[in-house]
file structure_13.tsv (TSV, C-alpha atoms)
chain	number	residue	atom	x	y	z
Y	1	MET	CA	3.94	17.50	-2.78
Y	2	SER	CA	1.60	16.52	0.01
Y	3	THR	CA	2.84	14.50	2.97
Y	4	ARG	CA	0.50	11.71	1.96
Y	5	LEU	CA	2.01	11.52	-1.52
Y	6	ILE	CA	5.53	11.40	-0.07
Y	7	LEU	CA	4.40	8.60	2.23
Y	8	TYR	CA	2.87	6.70	-0.72
Y	9	ILE	CA	6.14	6.98	-2.66
Y	10	ALA	CA	8.19	5.97	0.38
Y	11	VAL	CA	6.04	2.87	0.91
Y	12	MET	CA	6.24	1.96	-2.79
Y	13	ALA	CA	10.01	2.38	-2.94
Y	14	GLY	CA	10.63	0.78	0.45
Y	15	VAL	CA	8.60	-2.37	-0.13
Y	16	THR	CA	9.88	-2.77	-3.69
Y	17	TYR	CA	13.47	-2.43	-2.50
Y	18	LEU	CA	13.08	-4.88	0.40
Y	19	VAL	CA	11.55	-7.45	-1.95
Y	20	ARG	CA	14.64	-7.15	-4.15
Y	21	ALA	CA	17.29	-6.86	-1.46
Y	22	LEU	CA	16.26	-9.29	1.29
Y	23	PRO	CA	16.66	-12.53	-0.65
Y	24	MET	CA	20.08	-11.48	-1.93
Y	25	MET	CA	21.17	-10.52	1.58
Y	26	VAL	CA	19.61	-13.37	3.52
Y	27	PHE	CA	19.32	-16.48	1.39
Y	28	ARG	CA	22.17	-18.19	-0.35
Y	29	LYS	CA	20.23	-21.29	-1.38
Y	30	LYS	CA	17.68	-21.72	-4.14
Y	31	ILE	CA	13.97	-22.18	-3.57
Y	32	LYS	CA	13.28	-25.87	-4.00
Y	33	SER	CA	9.48	-25.96	-3.87
Y	34	GLN	CA	8.11	-26.36	-7.37
Y	35	LEU	CA	4.77	-24.96	-6.23
Y	36	VAL	CA	6.35	-21.73	-4.96
Y	37	GLN	CA	8.55	-21.43	-8.03
Y	38	SER	CA	5.56	-21.94	-10.30
Y	39	PHE	CA	3.53	-19.39	-8.37
Y	40	LEU	CA	6.29	-16.78	-8.72
Y	41	TYR	CA	6.69	-17.66	-12.38
Y	42	TYR	CA	3.01	-16.94	-13.06
Y	43	VAL	CA	2.73	-13.77	-10.94
Y	44	PRO	CA	3.97	-11.30	-13.61
Y	45	TYR	CA	1.53	-12.63	-16.20
Y	46	ALA	CA	-1.37	-12.56	-13.74
Y	47	VAL	CA	-0.50	-9.00	-12.70
Y	48	LEU	CA	-0.19	-7.76	-16.27
Y	49	GLY	CA	-3.44	-9.41	-17.36
Y	50	ALA	CA	-5.32	-8.01	-14.38
Y	51	MET	CA	-3.90	-4.52	-14.83
Y	52	THR	CA	-4.46	-4.41	-18.59
Y	53	VAL	CA	-8.10	-5.49	-18.78
Y	54	PRO	CA	-10.40	-3.69	-18.21
Y	55	ALA	CA	-8.20	-0.61	-17.43
Y	56	VAL	CA	-6.89	-0.35	-21.01
Y	57	PHE	CA	-10.39	0.47	-22.26
Y	58	TYR	CA	-10.34	3.64	-20.16
Y	59	ALA	CA	-6.73	4.58	-21.01
Y	60	THR	CA	-7.56	7.03	-23.82
Y	61	GLY	CA	-10.84	8.38	-22.50
Y	62	ASN	CA	-12.60	6.85	-25.49
Y	63	MET	CA	-13.44	3.14	-25.64
Y	64	ILE	CA	-13.34	2.99	-29.43
Y	65	SER	CA	-9.82	4.39	-29.82
Y	66	ALA	CA	-8.67	2.29	-26.84
Y	67	SER	CA	-10.09	-0.85	-28.47
Y	68	VAL	CA	-8.35	-0.02	-31.73
Y	69	GLY	CA	-5.06	0.45	-29.88
Y	70	LEU	CA	-5.51	-2.77	-27.93
Y	71	ALA	CA	-6.38	-4.72	-31.08
Y	72	ALA	CA	-3.25	-3.41	-32.83
Y	73	ALA	CA	-1.13	-4.32	-29.80
Y	74	PHE	CA	-2.64	-7.79	-29.64
Y	75	VAL	CA	-1.99	-8.60	-33.29
Y	76	LEU	CA	1.62	-7.37	-33.22
Y	77	ALA	CA	2.31	-9.09	-29.91
Y	78	PHE	CA	0.80	-12.30	-31.21
Y	79	PHE	CA	3.32	-12.24	-34.04
Y	80	GLY	CA	6.17	-11.64	-31.64
Y	81	GLN	CA	7.04	-7.98	-32.24
Y	82	SER	CA	9.27	-6.26	-29.67
Y	83	LEU	CA	7.98	-4.30	-26.68
Y	84	ILE	CA	8.73	-0.91	-28.23
Y	85	VAL	CA	7.12	-1.73	-31.57
Y	86	VAL	CA	3.96	-3.03	-29.92
Y	87	ALA	CA	3.70	-0.11	-27.47
Y	88	LEU	CA	4.24	2.58	-30.10
Y	89	THR	CA	1.97	0.96	-32.68
Y	90	ALA	CA	-0.80	0.71	-30.10
Y	91	SER	CA	-0.42	4.44	-29.47
Y	92	GLY	CA	-0.29	5.22	-33.18
Y	93	ALA	CA	-3.41	3.18	-33.93
Y	94	ALA	CA	-5.27	4.79	-31.01
Y	95	PHE	CA	-4.18	8.24	-32.22
Y	96	ILE	CA	-5.43	7.63	-35.75
Y	97	ALA	CA	-8.71	6.36	-34.32
Y	98	GLU	CA	-8.96	9.50	-32.16
Y	99	LEU	CA	-8.46	11.69	-35.24
Y	100	MET	CA	-11.07	9.77	-37.23
Y	101	ILE	CA	-13.58	9.93	-34.39
Y	102	GLY	CA	-12.88	13.67	-34.13
Y	103	ALA	CA	-13.39	14.12	-37.88
Y	104	ALA	CA	-16.58	12.04	-37.87
Y	105	GLY	CA	-17.97	13.85	-34.83
J	1	MET	CA	21.36	-12.54	-25.42
J	2	SER	CA	23.66	-9.67	-26.24
J	3	SER	CA	27.43	-9.85	-26.60
J	4	THR	CA	29.15	-11.23	-23.55
J	5	SER	CA	32.72	-10.11	-24.21
J	6	GLY	CA	34.31	-8.18	-21.35
J	7	CYS	CA	33.20	-8.32	-17.76
J	8	GLY	CA	33.69	-4.78	-16.43
J	9	PHE	CA	31.69	-1.59	-16.17
J	10	SER	CA	31.81	-0.73	-19.88
J	11	ALA	CA	30.64	-4.21	-20.88
J	12	GLY	CA	27.73	-3.73	-18.50
J	13	LEU	CA	26.95	-0.32	-19.95
J	14	ARG	CA	26.91	-1.71	-23.47
J	15	ASP	CA	24.61	-4.59	-22.54
J	16	GLY	CA	22.29	-2.07	-20.87
J	17	ILE	CA	21.79	0.09	-23.98
J	18	PRO	CA	18.94	-1.91	-25.55
J	19	ILE	CA	17.20	-2.15	-22.17
J	20	ALA	CA	17.58	1.61	-21.67
J	21	LEU	CA	16.06	2.37	-25.07
J	22	GLY	CA	13.08	0.15	-24.33
J	23	TYR	CA	12.61	1.73	-20.91
J	24	LEU	CA	12.86	5.25	-22.35
J	25	SER	CA	9.81	4.76	-24.55
J	26	VAL	CA	7.74	2.81	-22.04
J	27	SER	CA	8.39	5.13	-19.10
J	28	PHE	CA	7.30	7.99	-21.37
J	29	GLY	CA	3.87	6.40	-21.18
J	30	PHE	CA	4.16	6.10	-17.42
J	31	GLY	CA	5.06	9.80	-17.14
J	32	ILE	CA	1.97	10.78	-19.10
J	33	MET	CA	-0.17	8.44	-17.02
J	34	ALA	CA	1.19	9.86	-13.76
J	35	VAL	CA	0.50	13.47	-14.76
J	36	SER	CA	-2.98	12.66	-16.02
J	37	ASN	CA	-3.62	11.09	-12.60
J	38	GLY	CA	-2.86	14.43	-11.02
J	39	LEU	CA	0.79	13.94	-9.99
J	40	SER	CA	3.44	16.60	-10.56
J	41	VAL	CA	6.35	16.04	-12.94
J	42	PHE	CA	8.67	15.90	-9.94
J	43	ALA	CA	6.59	13.25	-8.17
J	44	ALA	CA	6.41	11.14	-11.33
J	45	VAL	CA	10.18	11.22	-11.81
J	46	LEU	CA	10.78	10.57	-8.11
J	47	ILE	CA	8.65	7.42	-8.33
J	48	SER	CA	10.60	6.16	-11.33
J	49	MET	CA	13.99	6.97	-9.80
J	50	THR	CA	13.18	5.14	-6.58
J	51	ASN	CA	11.12	2.21	-7.89
J	52	LEU	CA	12.43	1.21	-11.33
J	53	THR	CA	9.57	-1.14	-12.15
J	54	SER	CA	6.66	-0.81	-14.57
J	55	ALA	CA	3.88	-2.97	-13.16
J	56	GLY	CA	4.48	-1.92	-9.56
J	57	GLN	CA	4.47	1.76	-10.47
J	58	VAL	CA	1.26	1.53	-12.49
J	59	ALA	CA	-0.39	-0.32	-9.60
J	60	GLY	CA	0.99	2.33	-7.24
J	61	LEU	CA	-0.59	5.06	-9.36
J	62	THR	CA	-3.88	3.17	-9.18
J	63	VAL	CA	-3.71	3.16	-5.39
J	64	ILE	CA	-2.71	6.85	-5.24
J	65	ALA	CA	-5.43	7.90	-7.69
J	66	SER	CA	-8.10	6.07	-5.70
J	67	ASN	CA	-6.71	7.46	-2.42
J	68	GLY	CA	-6.14	3.93	-1.13
J	69	GLY	CA	-4.61	3.02	2.21
J	70	MET	CA	-0.90	2.59	2.96
J	71	ILE	CA	-1.37	-1.08	3.83
J	72	GLU	CA	-3.06	-1.55	0.48
J	73	MET	CA	-0.10	0.13	-1.20
J	74	ALA	CA	2.42	-2.03	0.66
J	75	VAL	CA	0.60	-5.31	-0.04
J	76	ALA	CA	0.12	-4.39	-3.71
J	77	GLN	CA	3.84	-3.69	-4.14
J	78	LEU	CA	4.73	-6.86	-2.24
J	79	VAL	CA	2.57	-9.15	-4.35
J	80	ILE	CA	3.29	-7.53	-7.70
J	81	ASN	CA	7.04	-7.34	-7.15
J	82	LEU	CA	7.35	-10.67	-5.38
J	83	ARG	CA	8.91	-12.14	-8.50
J	84	TYR	CA	11.97	-9.97	-7.89
J	85	SER	CA	12.64	-12.06	-4.80
J	86	LEU	CA	13.07	-15.11	-6.93
J	87	MET	CA	15.33	-13.22	-9.33
J	88	SER	CA	17.31	-11.77	-6.44
J	89	LEU	CA	17.70	-15.25	-5.02
J	90	SER	CA	18.75	-16.67	-8.35
J	91	LEU	CA	21.15	-13.80	-9.07
J	92	SER	CA	22.76	-14.18	-5.64
J	93	GLN	CA	24.20	-17.49	-6.86
J	94	LYS	CA	25.88	-15.76	-9.79
J	95	LEU	CA	27.76	-12.95	-8.05
J	96	ASP	CA	31.54	-13.30	-7.96
J	97	ARG	CA	33.51	-13.41	-4.69
J	98	HIS	CA	34.35	-9.68	-4.78
J	99	PHE	CA	30.76	-8.76	-3.99
J	100	THR	CA	30.63	-7.04	-0.62
J	101	TRP	CA	27.61	-6.53	1.57
J	102	LEU	CA	27.35	-2.99	0.18
J	103	SER	CA	27.56	-3.97	-3.46
J	104	ARG	CA	24.85	-6.56	-2.87
J	105	LEU	CA	22.64	-3.79	-1.48
J	106	GLY	CA	23.36	-1.67	-4.55
J	107	THR	CA	22.92	-4.43	-7.11
J	108	SER	CA	19.62	-5.60	-5.67
J	109	PHE	CA	18.09	-2.16	-6.28
J	110	GLY	CA	18.51	-2.67	-10.02
J	111	ILE	CA	16.85	-6.07	-10.37
J	112	THR	CA	14.22	-5.81	-13.09
J	113	ASP	CA	12.98	-8.50	-15.43
J	114	GLU	CA	15.22	-7.34	-18.29
J	115	ILE	CA	18.33	-6.69	-16.20
J	116	PHE	CA	17.91	-10.05	-14.51
J	117	ALA	CA	17.44	-11.74	-17.88
J	118	VAL	CA	20.65	-10.23	-19.30
J	119	ALA	CA	22.70	-10.88	-16.16
J	120	SER	CA	21.58	-14.47	-15.84
J	121	GLY	CA	22.14	-15.01	-19.57
J	122	ARG	CA	25.87	-14.39	-19.13
J	123	SER	CA	28.06	-17.40	-18.74
J	124	GLY	CA	29.79	-17.81	-15.39
J	125	GLU	CA	29.80	-15.25	-12.60
J	126	VAL	CA	29.19	-11.50	-12.86
J	127	SER	CA	31.31	-8.75	-11.28
J	128	LYS	CA	29.98	-5.81	-9.32
J	129	GLN	CA	31.42	-3.46	-11.96
J	130	TYR	CA	29.48	-5.27	-14.67
J	131	MET	CA	26.25	-5.12	-12.66
J	132	ALA	CA	26.75	-1.41	-11.93
J	133	GLY	CA	27.22	-0.75	-15.65
J	134	LEU	CA	24.27	-2.91	-16.61
J	135	ILE	CA	21.93	-1.12	-14.22
J	136	SER	CA	23.09	2.47	-14.96
J	137	LEU	CA	21.68	3.19	-18.40
J	138	PRO	CA	18.31	1.47	-17.90
J	139	TRP	CA	17.88	3.51	-14.70
J	140	VAL	CA	18.72	6.72	-16.59
J	141	GLY	CA	16.42	5.70	-19.45
J	142	TRP	CA	13.55	4.88	-17.11
J	143	SER	CA	13.88	8.17	-15.20
J	144	LEU	CA	14.48	10.33	-18.26
J	145	GLY	CA	11.57	8.78	-20.16
J	146	THR	CA	9.30	9.49	-17.20
J	147	LEU	CA	10.51	13.10	-17.09
J	148	LEU	CA	9.90	13.58	-20.81
J	149	GLY	CA	6.50	11.89	-20.69
J	150	ALA	CA	5.36	13.83	-17.63
J	151	ALA	CA	6.57	17.14	-19.10
J	152	ALA	CA	5.04	16.33	-22.49
J	153	GLY	CA	1.85	15.30	-20.73
J	154	GLU	CA	1.42	18.89	-19.64
J	155	ILE	CA	1.86	20.41	-23.12
J	156	LEU	CA	0.83	17.76	-25.66
J	157	PRO	CA	-2.55	18.04	-27.37
J	158	GLU	CA	-5.27	16.02	-25.66
J	159	LYS	CA	-5.70	13.47	-28.45
J	160	LEU	CA	-1.99	12.66	-28.67
J	161	LYS	CA	-1.71	12.43	-24.90
J	162	ALA	CA	-4.67	10.09	-24.79
J	163	ALA	CA	-3.13	7.89	-27.48
J	164	LEU	CA	0.24	7.74	-25.69
J	165	GLY	CA	-1.50	6.76	-22.47
J	166	ILE	CA	-2.12	3.35	-24.00
J	167	ALA	CA	1.61	2.72	-24.66
J	168	ILE	CA	2.31	1.10	-21.32
J	169	TYR	CA	-0.62	-1.27	-21.79
J	170	GLY	CA	0.81	-2.06	-25.22
J	171	MET	CA	3.99	-3.15	-23.48
J	172	PHE	CA	2.05	-5.33	-21.06
J	173	VAL	CA	0.24	-6.96	-23.99
J	174	ALA	CA	3.61	-7.52	-25.71
J	175	ILE	CA	4.75	-9.47	-22.66
J	176	PHE	CA	1.80	-11.68	-21.87
J	177	VAL	CA	0.39	-12.42	-25.33
J	178	PRO	CA	3.48	-14.19	-26.78
J	179	ALA	CA	3.97	-16.06	-23.49
J	180	ALA	CA	0.32	-17.14	-23.43
J	181	ARG	CA	0.64	-18.29	-27.01
J	182	LYS	CA	3.57	-20.53	-26.11
J	183	ALA	CA	2.38	-22.00	-22.80
J	184	ILE	CA	-1.13	-23.15	-21.94
J	185	GLY	CA	-0.46	-22.45	-18.25
J	186	VAL	CA	0.26	-18.77	-18.95
J	187	LEU	CA	-2.83	-18.56	-21.16
J	188	VAL	CA	-5.05	-19.92	-18.40
J	189	VAL	CA	-3.45	-17.62	-15.80
J	190	VAL	CA	-3.89	-14.53	-17.99
J	191	ILE	CA	-7.52	-15.34	-18.86
J	192	THR	CA	-8.29	-16.03	-15.20
J	193	ALA	CA	-6.66	-12.75	-14.19
J	194	ILE	CA	-8.61	-10.79	-16.81
J	195	ALA	CA	-11.89	-12.47	-15.83
J	196	GLY	CA	-11.14	-11.79	-12.17
J	197	SER	CA	-10.33	-8.12	-12.60
J	198	CYS	CA	-13.44	-7.60	-14.75
J	199	ALA	CA	-15.59	-9.41	-12.19
J	200	LEU	CA	-14.24	-7.31	-9.33
J	201	LYS	CA	-14.79	-4.11	-11.30
J	202	TYR	CA	-18.27	-4.73	-12.71
J	203	ILE	CA	-20.10	-7.02	-10.28
J	204	PRO	CA	-21.90	-4.75	-7.77
J	205	LEU	CA	-21.26	-7.22	-4.92
J	206	PHE	CA	-17.52	-6.35	-5.09
J	207	GLU	CA	-17.85	-2.61	-5.43
J	208	ASP	CA	-16.29	-1.97	-2.01
J	209	ILE	CA	-13.05	-3.66	-3.07
J	210	SER	CA	-10.56	-0.97	-4.11
J	211	ASP	CA	-8.63	-1.14	-7.38
J	212	GLY	CA	-5.36	-1.93	-5.63
J	213	PHE	CA	-6.79	-4.87	-3.69
J	214	ALA	CA	-8.57	-6.06	-6.83
J	215	ILE	CA	-5.17	-6.46	-8.51
J	216	ILE	CA	-3.77	-8.25	-5.47
J	217	ILE	CA	-6.67	-10.69	-5.08
J	218	THR	CA	-6.83	-11.43	-8.79
J	219	THR	CA	-3.08	-11.98	-9.07
J	220	VAL	CA	-2.87	-14.37	-6.14
J	221	ILE	CA	-5.83	-16.44	-7.33
J	222	ALA	CA	-4.71	-16.62	-10.97
J	223	ALA	CA	-1.04	-17.38	-10.18
J	224	ALA	CA	-2.01	-20.00	-7.56
J	225	LEU	CA	-4.33	-21.66	-10.06
J	226	GLY	CA	-1.50	-21.79	-12.57
J	227	ALA	CA	0.96	-23.15	-10.01
J	228	VAL	CA	-1.39	-25.95	-8.94
J	229	PHE	CA	-2.65	-27.05	-12.34
J	230	PHE	CA	0.29	-26.12	-14.58
J	231	PRO	CA	3.46	-26.42	-12.47
J	232	VAL	CA	6.58	-25.33	-14.35
J	233	LYS	CA	10.01	-26.90	-14.41
J	234	THR	CA	12.80	-25.12	-12.56
J	235	GLU	CA	14.64	-23.89	-15.67
J	236	GLN	CA	11.54	-22.11	-16.92
J	237	THR	CA	11.44	-19.78	-13.97
J	238	GLU	CA	14.83	-18.33	-14.75
J	239	GLY	CA	15.58	-15.67	-17.27
J	240	ASP	CA	12.62	-15.79	-19.61
J	241	GLU	CA	10.32	-13.30	-17.97
J	242	PRO	CA	10.49	-9.93	-19.68
J	243	ALA	CA	9.60	-6.56	-18.13

call {"tool": "encode", "arguments": {"input": "structure_13.tsv", "output": "structure tokens"}}
result
Amino acid sequence: MSTRLILYIAVMAGVTYLVRALPMMVFRKKIKSQLVQSFLYYVPYAVLGAMTVPAVFYATGNMISASVGLAAAFVLAFFGQSLIVVALTASGAAFIAELMIGAAG
Amino acid sequence: MSSTSGCGFSAGLRDGIPIALGYLSVSFGFGIMAVSNGLSVFAAVLISMTNLTSAGQVAGLTVIASNGGMIEMAVAQLVINLRYSLMSLSLSQKLDRHFTWLSRLGTSFGITDEIFAVASGRSGEVSKQYMAGLISLPWVGWSLGTLLGAAAGEILPEKLKAALGIAIYGMFVAIFVPAARKAIGVLVVVITAIAGSCALKYIPLFEDISDGFAIIITTVIAAALGAVFFPVKTEQTEGDEPA
């Protein structure tokens, strides 16, 4: 492993740990501001949306199979299937699409 | 929420099993993704063992793959994992009186969306033994899944590997789609975030903005928009955010 990679991992782990540990060590009161609470509530959804699109279309190296996988994930998620079911079905659908594209090509 | 009988280490272990199984399959996707981004199996597992978070790790990979700066890495992790601060804060109110300074340091390492959700779903206070048990198996599952995925990533056929690379995005979709369906605020935030990340990627004016900063900028704008126009009640911010 290069020094730079070790440094990357150290920064990732260090910042992530401090974010988790500091409030538990320092604060004993709850955040009162509704604005701050709302912001923190929305952060995960904003992050996941931003990281998923458009990156998901490049996840399989083929936009068609990626779109098929994403569509499968969307439908199952819309109907409330669990994380594992959605993740594995997306992969399965993308795989079948890959095979069909391979057969057609 | 799962069974809440017992309050010791074994009760924690048992409550952690479903989380561990979920992590095992999702981190498999992360392992594959890490290896296909040029990381070694060891580096991939090291990241999972020391970070224990999906979104932050994927963003971290993005920064590493694009050879981004260390400040960029730090800010990305800070913004993306900021929600853990709120969970940490909330969980700090639930710890029983036997929690020492050291056990607080240990417990805080294991705060993830799922672990937080299970811990805060228990009635009354939680013991340090329970928290240690609850964190153990998900941590093993997350690390082991990464190992298997990274190792498999080196031997699996290209098509299968490509298909598995989408698994982690499937998990992301499984988190934000149902939430967006239930709450208009989440829907607006997600659509804004997607529009923002597409704009930063495809509009030539923004081509100097790196992928890591694109996630940061988009997240802050979308979440701030949601907070201003769709403020949520206090109860909503606790315990119903998966992954």

call {"tool": "interface_residues", "arguments": {"input": "structure_13.tsv", "of": "chain J", "to": "chain Y", "cutoff": "6 Å", "atoms": "all atoms listed in the file", "output": "PyMOL selection string"}}
result
chain J and resi 22+50-51+83-85+88-89+92+108-109+162-167+169-172+174+176-178+189-190+193-194+197+219+222-224+227+231-232+237

call {"tool": "atom_distance", "arguments": {"input": "structure_13.tsv", "atom1": "CA of Glu114 in chain J", "atom2": "CA of Ala151 in chain J"}}
result
26.0 Å

call {"tool": "atom_distance", "arguments": {"input": "structure_13.tsv", "atom1": "CA of Ile184 in chain J", "atom2": "CA of Asn81 in chain J"}}
result
23.1 Å

call {"tool": "atom_distance", "arguments": {"input": "structure_13.tsv", "atom1": "CA of Ile32 in chain J", "atom2": "CA of Ser66 in chain J"}}
result
17.4 Å

call {"tool": "residues_around", "arguments": {"input": "structure_13.tsv", "residues": "Leu13 in chain J", "least_positions_apart": "2", "cutoff": "8 Å", "atoms": "all atoms listed in the file", "output": "list of chain:residue names"}}
result
J:Phe9, J:Ser10, J:Ala11, J:Asp15, J:Gly16, J:Ile17, J:Tyr130, J:Gly133, J:Leu134, J:Ile135, J:Ser136, J:Leu137

call {"tool": "build_atoms", "arguments": {"input": "structure_13.tsv", "residues": "range 48-69 of chain Y", "atoms": "N, CA and C atoms", "output": "mmCIF file, in the frame of the given file"}}
result
data_model
loop_
_atom_site.group_PDB
_atom_site.id
_atom_site.type_symbol
_atom_site.label_atom_id
_atom_site.label_comp_id
_atom_site.auth_asym_id
_atom_site.auth_seq_id
_atom_site.Cartn_x
_atom_site.Cartn_y
_atom_site.Cartn_z
ATOM 1 N N LEU Y 48 -0.049 -8.533 -15.036
ATOM 2 C CA LEU Y 48 -0.190 -7.760 -16.270
ATOM 3 C C LEU Y 48 -1.573 -7.943 -16.879
ATOM 4 N N GLY Y 49 -2.092 -9.169 -16.841
ATOM 5 C CA GLY Y 49 -3.440 -9.410 -17.360
ATOM 6 C C GLY Y 49 -4.466 -8.624 -16.570
ATOM 7 N N ALA Y 50 -4.362 -8.696 -15.243
ATOM 8 C CA ALA Y 50 -5.320 -8.010 -14.380
ATOM 9 C C ALA Y 50 -5.238 -6.497 -14.529
ATOM 10 N N MET Y 51 -4.035 -5.978 -14.723
ATOM 11 C CA MET Y 51 -3.900 -4.520 -14.830
ATOM 12 C C MET Y 51 -4.277 -4.001 -16.213
ATOM 13 N N THR Y 52 -4.183 -4.866 -17.218
ATOM 14 C CA THR Y 52 -4.460 -4.410 -18.590
ATOM 15 C C THR Y 52 -5.963 -4.356 -18.865
ATOM 16 N N VAL Y 53 -6.661 -5.433 -18.522
ATOM 17 C CA VAL Y 53 -8.100 -5.490 -18.780
ATOM 18 C C VAL Y 53 -8.835 -5.475 -17.433
ATOM 19 N N PRO Y 54 -9.793 -4.602 -17.240
ATOM 20 C CA PRO Y 54 -10.400 -3.690 -18.210
ATOM 21 C C PRO Y 54 -9.768 -2.291 -18.299
ATOM 22 N N ALA Y 55 -8.699 -1.996 -17.508
ATOM 23 C CA ALA Y 55 -8.200 -0.610 -17.430
ATOM 24 C C ALA Y 55 -7.832 -0.015 -18.798
ATOM 25 N N VAL Y 56 -7.333 -0.864 -19.703
ATOM 26 C CA VAL Y 56 -6.890 -0.350 -21.010
ATOM 27 C C VAL Y 56 -8.033 0.339 -21.766
ATOM 28 N N PHE Y 57 -9.251 -0.121 -21.536
ATOM 29 C CA PHE Y 57 -10.390 0.470 -22.260
ATOM 30 C C PHE Y 57 -10.689 1.904 -21.810
ATOM 31 N N TYR Y 58 -10.132 2.275 -20.656
ATOM 32 C CA TYR Y 58 -10.340 3.640 -20.160
ATOM 33 C C TYR Y 58 -9.083 4.499 -20.326
ATOM 34 N N ALA Y 59 -8.039 3.917 -20.968
ATOM 35 C CA ALA Y 59 -6.730 4.580 -21.010
ATOM 36 C C ALA Y 59 -6.728 5.824 -21.901
ATOM 37 N N THR Y 60 -7.573 5.878 -22.914
ATOM 38 C CA THR Y 60 -7.560 7.030 -23.820
ATOM 39 C C THR Y 60 -8.755 7.948 -23.601
ATOM 40 N N GLY Y 61 -9.653 7.572 -22.712
ATOM 41 C CA GLY Y 61 -10.840 8.380 -22.500
ATOM 42 C C GLY Y 61 -11.922 8.117 -23.538
ATOM 43 N N ASN Y 62 -11.628 7.192 -24.452
ATOM 44 C CA ASN Y 62 -12.600 6.850 -25.490
ATOM 45 C C ASN Y 62 -12.470 5.353 -25.785
ATOM 46 N N MET Y 63 -13.531 4.601 -25.538
ATOM 47 C CA MET Y 63 -13.440 3.140 -25.640
ATOM 48 C C MET Y 63 -13.128 2.660 -27.054
ATOM 49 N N ILE Y 64 -13.582 3.434 -28.054
ATOM 50 C CA ILE Y 64 -13.340 2.990 -29.430
ATOM 51 C C ILE Y 64 -11.845 3.092 -29.780
ATOM 52 N N SER Y 65 -11.235 4.248 -29.503
ATOM 53 C CA SER Y 65 -9.820 4.390 -29.820
ATOM 54 C C SER Y 65 -8.976 3.444 -28.957
ATOM 55 N N ALA Y 66 -9.398 3.223 -27.713
ATOM 56 C CA ALA Y 66 -8.670 2.290 -26.840
ATOM 57 C C ALA Y 66 -8.751 0.875 -27.399
ATOM 58 N N SER Y 67 -9.936 0.498 -27.900
ATOM 59 C CA SER Y 67 -10.090 -0.850 -28.470
ATOM 60 C C SER Y 67 -9.236 -1.023 -29.710
ATOM 61 N N VAL Y 68 -9.185 0.034 -30.534
ATOM 62 C CA VAL Y 68 -8.350 -0.020 -31.730
ATOM 63 C C VAL Y 68 -6.879 -0.202 -31.347
ATOM 64 N N GLY Y 69 -6.437 0.563 -30.359
ATOM 65 C CA GLY Y 69 -5.060 0.450 -29.880
ATOM 66 C C GLY Y 69 -4.763 -0.925 -29.323
#
